[in-house]
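> One file is attached below, structure-v4.csv, containing CSV, C-alpha atoms and all ligand atoms.
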chain,number,residue,atom,x,y,z
A,113,MET,CA,33.9,-9.1,-1.4
A,114,GLN,CA,32.5,-12.6,-1.7
A,115,TYR,CA,29.0,-11.8,-2.8
A,116,PRO,CA,29.2,-8.9,-5.3
A,117,ARG,CA,25.8,-9.2,-6.9
A,118,LEU,CA,22.9,-8.7,-4.5
A,119,LEU,CA,19.2,-9.1,-4.9
A,120,ILE,CA,17.3,-7.1,-2.3
A,121,LEU,CA,13.6,-7.9,-1.3
A,122,GLY,CA,11.7,-5.3,0.7
A,123,GLY,CA,13.9,-2.5,-0.7
A,124,THR,CA,11.0,0.0,-0.7
A,125,GLY,CA,10.6,-0.3,3.1
A,126,ARG,CA,12.3,1.9,5.7
A,127,THR,CA,15.2,-0.4,6.4
A,128,GLY,CA,15.3,-1.7,2.8
A,129,LYS,CA,16.0,1.7,1.4
A,130,LYS,CA,18.9,2.1,3.8
A,131,LEU,CA,20.1,-1.4,2.9
A,132,ILE,CA,20.2,-0.5,-0.8
A,133,GLN,CA,22.1,2.7,-0.1
A,134,GLN,CA,24.6,1.0,2.2
A,135,ALA,CA,25.2,-1.8,-0.3
A,136,LEU,CA,25.8,0.7,-3.1
A,137,GLU,CA,28.1,2.7,-0.9
A,138,ARG,CA,30.1,-0.5,-0.1
A,139,GLY,CA,30.5,-1.2,-3.9
A,140,TYR,CA,27.9,-4.0,-4.4
A,141,ASN,CA,25.9,-4.3,-7.6
A,142,VAL,CA,22.3,-4.2,-6.4
A,143,THR,CA,19.0,-5.4,-7.9
A,144,ALA,CA,15.8,-4.6,-6.1
A,145,LEU,CA,12.6,-6.5,-6.8
A,146,ALA,CA,9.8,-4.1,-5.8
A,147,ARG,CA,6.0,-3.9,-6.1
A,148,ASP,CA,6.4,-0.2,-6.6
A,149,GLY,CA,9.6,0.4,-8.4
A,150,ALA,CA,9.0,4.1,-8.6
A,151,ALA,CA,9.4,4.3,-4.8
A,152,LEU,CA,13.1,3.8,-5.4
A,153,ALA,CA,13.6,6.5,-8.0
A,154,ASP,CA,15.5,8.7,-5.4
A,155,LEU,CA,18.2,6.0,-5.1
A,156,ALA,CA,19.0,6.0,-8.9
A,157,ASN,CA,22.6,4.7,-9.3
A,158,PRO,CA,24.4,3.0,-12.2
A,159,GLU,CA,24.9,0.0,-10.0
A,160,LEU,CA,21.2,-0.3,-9.0
A,161,THR,CA,18.7,-2.1,-11.2
A,162,VAL,CA,15.0,-1.9,-10.1
A,163,ILE,CA,12.7,-4.7,-11.3
A,164,GLN,CA,9.0,-4.0,-11.0
A,165,GLY,CA,7.3,-7.1,-9.6
A,166,SER,CA,6.5,-8.8,-6.3
A,167,PRO,CA,8.6,-11.4,-4.5
A,168,SER,CA,5.2,-13.0,-3.6
A,169,ASP,CA,4.8,-13.8,-7.3
A,170,ARG,CA,6.7,-17.0,-7.7
A,171,GLN,CA,7.1,-16.8,-11.5
A,172,CYS,CA,8.4,-13.2,-11.2
A,173,PHE,CA,10.8,-14.2,-8.5
A,174,GLU,CA,12.1,-17.1,-10.5
A,175,LYS,CA,12.6,-15.0,-13.6
A,176,THR,CA,14.5,-12.4,-11.4
A,177,LEU,CA,16.7,-15.1,-10.0
A,178,ASP,CA,17.6,-16.2,-13.5
A,179,LYS,CA,19.5,-13.0,-13.9
A,180,GLY,CA,22.1,-14.4,-11.6
A,181,PHE,CA,23.0,-13.2,-8.0
A,182,ASP,CA,25.5,-14.2,-5.4
A,183,ALA,CA,23.2,-13.5,-2.4
A,184,VAL,CA,19.6,-12.4,-1.6
A,185,LEU,CA,18.8,-10.1,1.3
A,186,SER,CA,15.3,-9.6,2.6
A,187,THR,CA,13.8,-6.9,4.8
A,188,LEU,CA,10.3,-7.9,3.8
A,189,GLY,CA,7.9,-7.3,6.6
A,190,ILE,CA,4.2,-7.7,7.1
A,191,PHE,CA,2.4,-6.2,10.1
A,192,GLN,CA,0.1,-9.1,10.9
A,193,LYS,CA,-2.7,-8.2,13.3
A,194,GLU,CA,-4.6,-11.4,13.4
A,195,PRO,CA,-3.9,-15.1,13.2
A,196,GLY,CA,-2.1,-16.0,9.9
A,197,THR,CA,1.4,-16.4,8.5
A,198,PRO,CA,1.5,-14.5,5.3
A,199,LEU,CA,5.3,-13.8,5.5
A,200,ALA,CA,6.1,-17.5,6.2
A,201,ASP,CA,3.7,-18.5,3.4
A,202,MET,CA,5.6,-16.2,1.0
A,203,THR,CA,8.9,-17.6,2.3
A,204,ILE,CA,7.9,-21.2,1.3
A,205,ASP,CA,7.9,-20.1,-2.4
A,206,LEU,CA,11.0,-18.0,-2.0
A,207,LEU,CA,13.0,-20.9,-0.5
A,208,ALA,CA,11.8,-23.3,-3.1
A,209,ALA,CA,12.9,-21.0,-5.9
A,210,LEU,CA,16.3,-20.4,-4.2
A,211,GLN,CA,16.9,-24.1,-3.6
A,212,GLU,CA,16.2,-24.7,-7.3
A,213,ARG,CA,18.0,-21.8,-8.9
A,214,GLY,CA,20.3,-20.3,-6.3
A,215,PRO,CA,21.9,-18.4,-4.9
A,216,LYS,CA,22.3,-20.3,-1.7
A,217,ARG,CA,23.2,-17.3,0.5
A,218,PHE,CA,20.1,-15.7,2.0
A,219,ILE,CA,20.1,-13.0,4.7
A,220,VAL,CA,16.8,-12.2,6.4
A,221,MET,CA,15.8,-9.5,8.8
A,222,SER,CA,13.5,-11.0,11.4
A,223,SER,CA,12.7,-9.5,14.8
A,224,LEU,CA,13.7,-9.5,18.4
A,225,GLY,CA,11.2,-11.7,20.2
A,226,VAL,CA,11.7,-14.7,17.8
A,227,GLY,CA,13.5,-17.9,18.8
A,228,ASP,CA,15.9,-17.6,21.8
A,229,SER,CA,15.4,-13.8,21.8
A,230,ALA,CA,11.8,-14.3,23.1
A,231,GLY,CA,11.3,-12.6,26.4
A,232,GLN,CA,14.4,-10.4,26.1
A,233,GLY,CA,14.1,-6.7,26.4
A,234,ASN,CA,13.0,-4.1,28.9
A,235,LEU,CA,9.4,-3.9,30.1
A,236,SER,CA,8.1,-1.9,27.2
A,237,VAL,CA,9.8,-4.3,24.7
A,238,LYS,CA,8.2,-7.2,26.5
A,239,PHE,CA,4.8,-5.5,26.4
A,240,VAL,CA,5.1,-4.8,22.7
A,241,THR,CA,6.4,-8.2,21.7
A,242,ARG,CA,3.8,-10.0,23.8
A,243,PHE,CA,0.7,-8.0,22.8
A,244,ILE,CA,1.2,-5.7,19.8
A,245,LEU,CA,3.5,-7.9,17.8
A,246,LYS,CA,2.0,-11.2,18.8
A,247,TYR,CA,1.0,-12.4,15.4
A,248,VAL,CA,3.9,-10.7,13.6
A,249,LEU,CA,6.3,-12.8,15.8
A,250,ILE,CA,4.3,-16.0,15.3
A,251,ASP,CA,4.7,-15.4,11.5
A,252,LYS,CA,8.4,-14.6,11.8
A,253,SER,CA,9.0,-17.7,14.0
A,254,ALA,CA,7.4,-19.8,11.3
A,255,GLN,CA,9.6,-18.0,8.7
A,256,GLU,CA,12.8,-18.7,10.7
A,257,ALA,CA,11.8,-22.4,11.1
A,258,LEU,CA,11.5,-22.7,7.3
A,259,LEU,CA,14.9,-21.1,6.9
A,260,ARG,CA,16.5,-23.6,9.4
A,261,GLU,CA,15.0,-26.5,7.4
A,262,SER,CA,15.9,-25.1,4.0
A,263,GLY,CA,19.5,-26.3,3.6
A,264,LEU,CA,20.4,-22.8,2.3
A,265,GLN,CA,23.2,-20.7,3.7
A,266,TRP,CA,20.9,-18.4,5.6
A,267,SER,CA,21.6,-15.8,8.3
A,268,VAL,CA,19.1,-14.0,10.4
A,269,LEU,CA,19.3,-10.6,12.1
A,270,ARG,CA,16.8,-9.8,14.8
A,271,PRO,CA,16.6,-6.1,15.5
A,272,PRO,CA,14.6,-4.4,18.3
A,273,ARG,CA,12.5,-1.3,17.6
A,274,LEU,CA,13.8,0.3,14.4
A,275,MET,CA,14.2,4.1,14.4
A,276,ASN,CA,13.9,5.4,10.9
A,277,ASN,CA,17.0,7.6,10.9
A,278,ASP,CA,20.7,7.7,10.0
A,279,GLN,CA,22.1,7.4,13.5
A,280,GLN,CA,25.4,5.5,13.6
A,281,ARG,CA,26.3,4.2,17.1
A,282,PRO,CA,28.1,1.2,18.4
A,283,VAL,CA,25.9,-1.9,17.9
A,284,GLN,CA,25.8,-4.8,20.3
A,285,ILE,CA,25.4,-8.2,18.6
A,286,TRP,CA,24.7,-11.4,20.6
A,287,GLN,CA,23.3,-14.9,20.3
A,288,GLY,CA,21.2,-16.7,22.9
A,289,THR,CA,19.8,-15.4,26.0
A,290,ASN,CA,22.8,-13.8,27.7
A,291,HIS,CA,22.6,-10.3,26.3
A,292,PRO,CA,25.1,-7.5,27.0
A,293,ARG,CA,24.0,-4.7,29.4
A,294,PRO,CA,23.0,-2.0,29.4
A,295,LEU,CA,21.1,-2.0,26.1
A,296,ARG,CA,18.8,0.7,24.6
A,297,TRP,CA,16.5,-1.9,22.8
A,298,GLN,CA,16.5,0.2,19.7
A,299,ILE,CA,18.6,0.7,16.6
A,300,SER,CA,18.5,3.0,13.5
A,301,THR,CA,17.4,1.6,10.2
A,302,LEU,CA,20.8,2.6,8.9
A,303,ASP,CA,22.7,0.6,11.5
A,304,ALA,CA,20.4,-2.4,11.1
A,305,ALA,CA,20.9,-2.3,7.4
A,306,SER,CA,24.7,-2.2,7.9
A,307,GLN,CA,24.5,-5.2,10.2
A,308,MET,CA,22.8,-7.2,7.4
A,309,LEU,CA,25.8,-6.5,5.2
A,310,GLU,CA,28.2,-7.5,8.0
A,311,LEU,CA,26.4,-10.8,8.4
A,312,LEU,CA,26.5,-11.3,4.6
A,313,GLU,CA,30.3,-11.2,4.5
A,314,ASN,CA,30.9,-13.1,7.8
A,315,PRO,CA,31.1,-16.9,7.1
A,316,ALA,CA,30.6,-17.5,10.8
A,317,SER,CA,27.1,-16.1,10.5
A,318,ILE,CA,25.9,-18.9,8.1
A,319,LYS,CA,23.0,-20.8,9.6
A,320,GLN,CA,23.0,-18.6,12.6
A,321,ALA,CA,20.6,-16.0,14.1
A,322,PHE,CA,21.8,-12.8,15.8
A,323,GLN,CA,20.2,-10.3,18.1
A,324,CYS,CA,21.3,-6.7,17.7
A,325,SER,CA,20.6,-3.4,19.6
A,326,TYR,CA,22.3,-0.2,20.8
A,401,LIG,N1,9.7,-1.5,12.3
A,401,LIG,C1,10.2,-2.0,13.5
A,401,LIG,O1,10.3,-1.4,14.5
A,401,LIG,C2,10.8,-3.4,13.4
A,401,LIG,C3,11.3,-4.0,14.6
A,401,LIG,C4,11.9,-5.3,14.5
A,401,LIG,C5,11.9,-6.0,13.3
A,401,LIG,N2,11.4,-5.4,12.2
A,401,LIG,C6,11.5,-6.1,10.9
A,401,LIG,O2,12.5,-5.5,10.1
A,401,LIG,C7,12.2,-5.6,8.7
A,401,LIG,C8,12.2,-4.2,8.1
A,401,LIG,O3,11.3,-3.4,8.8
A,401,LIG,P1,10.8,-2.0,8.2
A,401,LIG,O4,10.0,-1.4,9.3
A,401,LIG,O5,11.9,-1.3,7.6
A,401,LIG,O6,9.8,-2.6,7.1
A,401,LIG,P2,8.7,-1.8,6.2
A,401,LIG,O7,9.1,-0.3,6.1
A,401,LIG,O8,7.3,-2.1,6.7
A,401,LIG,O9,8.9,-2.4,4.7
A,401,LIG,C9,8.4,-3.7,4.5
A,401,LIG,C10,8.8,-4.1,3.1
A,401,LIG,O10,8.1,-5.4,2.8
A,401,LIG,C11,7.4,-5.2,1.5
A,401,LIG,N3,6.2,-6.1,1.6
A,401,LIG,C12,5.3,-6.1,2.6
A,401,LIG,N4,4.3,-7.0,2.3
A,401,LIG,C13,4.6,-7.5,1.1
A,401,LIG,C14,4.0,-8.4,0.2
A,401,LIG,N5,2.8,-9.0,0.5
A,401,LIG,N6,4.5,-8.7,-1.0
A,401,LIG,C15,5.7,-8.1,-1.3
A,401,LIG,N7,6.4,-7.2,-0.6
A,401,LIG,C16,5.8,-6.9,0.6
A,401,LIG,C17,7.0,-3.8,1.4
A,401,LIG,O11,6.8,-3.5,0.1
A,401,LIG,P3,5.8,-2.3,-0.4
A,401,LIG,O12,6.6,-1.0,-0.3
A,401,LIG,O13,5.5,-2.6,-1.8
A,401,LIG,O14,4.6,-2.3,0.5
A,401,LIG,C18,8.3,-3.1,2.0
A,401,LIG,O15,9.3,-3.1,1.0
A,401,LIG,C19,10.9,-6.3,8.6
A,401,LIG,O16,11.1,-7.7,8.5
A,401,LIG,C20,10.2,-6.0,10.0
A,401,LIG,O17,9.3,-7.0,10.3
A,401,LIG,C21,10.8,-4.2,12.2
The structure in this file should be written as structure tokens.

Amino acid sequence: MQYPRLLILGGTGRTGKKLIQQALERGYNVTALARDGAALADLANPELTVIQGSPSDRQCFEKTLDKGFDAVLSTLGIFQKEPGTPLADMTIDLLAALQERGPKRFIVMSSLGVGDSAGQGNLSVKFVTRFILKYVLIDKSAQEALLRESGLQWSVLRPPRLMNNDQQRPVQIWQGTNHPRPLRWQISTLDAASQMLELLENPASIKQAFQCSY
């Protein structure tokens, strides 16, 4: 295990909770920085520390980083319904703090429809990404652009529709536009969380973005 001490952002979310669970099961020491720490009470574990605070509060994030971590993983997500880039705006401060204090390894959950995954998917995926997720994807594209310019050891996972369950099925991972077939264009939150940890420990994933789906 190259990155034993993890800081998880977005841990109170659907995928974030599964990410904390999976990381603990795999033997990582996990800290979660959460606006509502009580939402993680059901995950109580000697290897889990919950810090009450927001990643969008720069001082709080910096103070948290000073505790010392080997990697940060983010499943932060904002459902943006109008023009604006709140996630990318938050990411500017996150990256500045990481550049200054470390760690350098940063794994981020983005979304299918960003970068070279734009336009991929079946008809319903294309409809959702074009109309319903329009502003979410603009925000996430801006976030990914910041990561690429950051100089950090980032990796990005772009899942399709997340099903909030514990299904475990074979996951297809690809880069670029030439995706495997057939695909279901969905993945469970559990399997998406596992893929984040696979990227973390895979040196070939550094400074790379990956699409995933069943
Ligand atoms: N849902 C899907 O079908 C889908 C598909 C593709 C990609 N994604 C992406 O995959 C990731 C995980 O998705 P999810 O559905 O599991 O997420 P989620 O359940 O909506 O959780 C989002 C997390 O982000 C935190 N958050 C939101 N706004 C914040 C803010 N302003 N400041 C601090 N924290 C904030 C939330 O904290 P609180 O609990 O405090 O609100 C929560 O922990 C996200 O990046 C999402 O965009 C989702």
> Looking at A:Gly165, A:Gly227, A:Pro158, A:Pro294, which one is nearest to ligand LIG 401 (chain A), with distances taken over all atoms listed in the file?
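Once distances to ligand LIG 401 (chain A) are computed over all atoms listed in the file, the minimum belongs to A:Gly165.
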> Find, counting only C-alpha atoms, the residue in A:Pro198, A:Val184, A:Gln164, A:Asp148 that gets nearest to Ile132 in chain A.
A:Val184
> Neighbours of Gly180 in chain A within 10 Å (all atoms listed in the file; same-chain residues fewer than 2 positions away dropped), as a list in words?
Arg117, Leu118, Leu119, Lys175, Thr176, Leu177, Asp178, Asp182, Ala183, Arg213, Gly214 and Pro215 of chain A
> At a cut-off of 7 Å around ligand LIG 401 (chain A), and using all atoms listed in the file, what residues come up? Please write them as a ChimeraX atom specification.
/A:121-128,146-148,166-168,187-191,221-224,270-275,301
> For Leu264 in chain A, which residue out of A:Ser186, A:Gln280, A:Gln320, A:Gln211 is the nearest one, using all atoms listed in the file?
A:Gln211
> CA of Phe218 in chain A and CA of Val142 in chain A, how far apart in Å?
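It comes out at 14.4 Å.
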> Of the candidates A:Trp286, A:Tyr247, A:Tyr115, A:Trp297, which one gets nearest to Pro195 in chain A if we count all atoms listed in the file?
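Nearest candidate to Pro195 in chain A out of A:Trp286, A:Tyr247, A:Tyr115, A:Trp297: A:Tyr247.
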> So that I can check the surroundings of Val162 in chain A, please list as JSON, numbers by chain every protein, DNA and RNA residue that reaches within 9 Å of it, counting all atoms listed in the file and ignoring chain neighbours fewer than 4 positions away.
{"A": [142, 143, 144, 145, 146, 149, 150, 152, 153, 156]}
> Please compute the CA of Gln133 in chain A-CA of Ala316 in chain A distance, one decimal, in Å.
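Spanning CA of Gln133 in chain A to CA of Ala316 in chain A is a straight-line distance of 24.5 Å.
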> Please provide as a VMD selection string all residues within 8 Å of Leu302 in chain A, with the sequence filter that same-chain residues fewer than 4 positions apart are discarded (counting only C-alpha atoms).
chain A and resid 127 130 to 131 134 276 to 280 306
> Quick one: write out the picked residues with C-alpha atoms as a PDB file, in the frame of the given file?

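Output below, filename result_12.pdb:
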ATOM      1  CA  THR A 127      15.200  -0.400   6.400  1.00  0.00           C
ATOM      2  CA  LYS A 130      18.900   2.100   3.800  1.00  0.00           C
ATOM      3  CA  LEU A 131      20.100  -1.400   2.900  1.00  0.00           C
ATOM      4  CA  GLN A 134      24.600   1.000   2.200  1.00  0.00           C
ATOM      5  CA  ASN A 276      13.900   5.400  10.900  1.00  0.00           C
ATOM      6  CA  ASN A 277      17.000   7.600  10.900  1.00  0.00           C
ATOM      7  CA  ASP A 278      20.700   7.700  10.000  1.00  0.00           C
ATOM      8  CA  GLN A 279      22.100   7.400  13.500  1.00  0.00           C
ATOM      9  CA  GLN A 280      25.400   5.500  13.600  1.00  0.00           C
ATOM     10  CA  SER A 306      24.700  -2.200   7.900  1.00  0.00           C
TER      11      SER A 306
END
> Closest to Cys172 in chain A among A:Ile219, A:Leu206, A:Ala257, A:Val226, using all atoms listed in the file?
A:Leu206
> Nearest residue to Ser325 in chain A out of A:Gln265, A:Thr161, A:Gln284, A:Gln192, using all atoms listed in the file?
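Counting all atoms listed in the file, the residue closest to Ser325 in chain A is A:Gln284.
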> How many Å lie between CA of Met202 in chain A and CA of Lys179 in chain A, rounded to one decimal?
20.6 Å
> Just the residues within 10 Å of Gly231 in chain A, please, counting only C-alpha atoms, with nothing from its chain fewer than 5 positions along; format it as a compact mmCIF listing (two decimals) with C-alpha atoms, keeping the file's coordinate frame.

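selection_26.txt was written with the following content:
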# COMPACT_ATOMS: atom_id res chain seq x y z
CA LEU A 224 13.70 -9.50 18.40
CA GLY A 225 11.20 -11.70 20.20
CA VAL A 226 11.70 -14.70 17.80
CA VAL A 237 9.80 -4.30 24.70
CA LYS A 238 8.20 -7.20 26.50
CA PHE A 239 4.80 -5.50 26.40
CA THR A 241 6.40 -8.20 21.70
CA ARG A 242 3.80 -10.00 23.80
CA THR A 289 19.80 -15.40 26.00
> Using all atoms listed in the file - which residues lie no farther than 6 Å from the point (24.8, -3.0, -6.6) in the file's frame? Write them as a ChimeraX atom specification.
/A:136,140-142,159-160
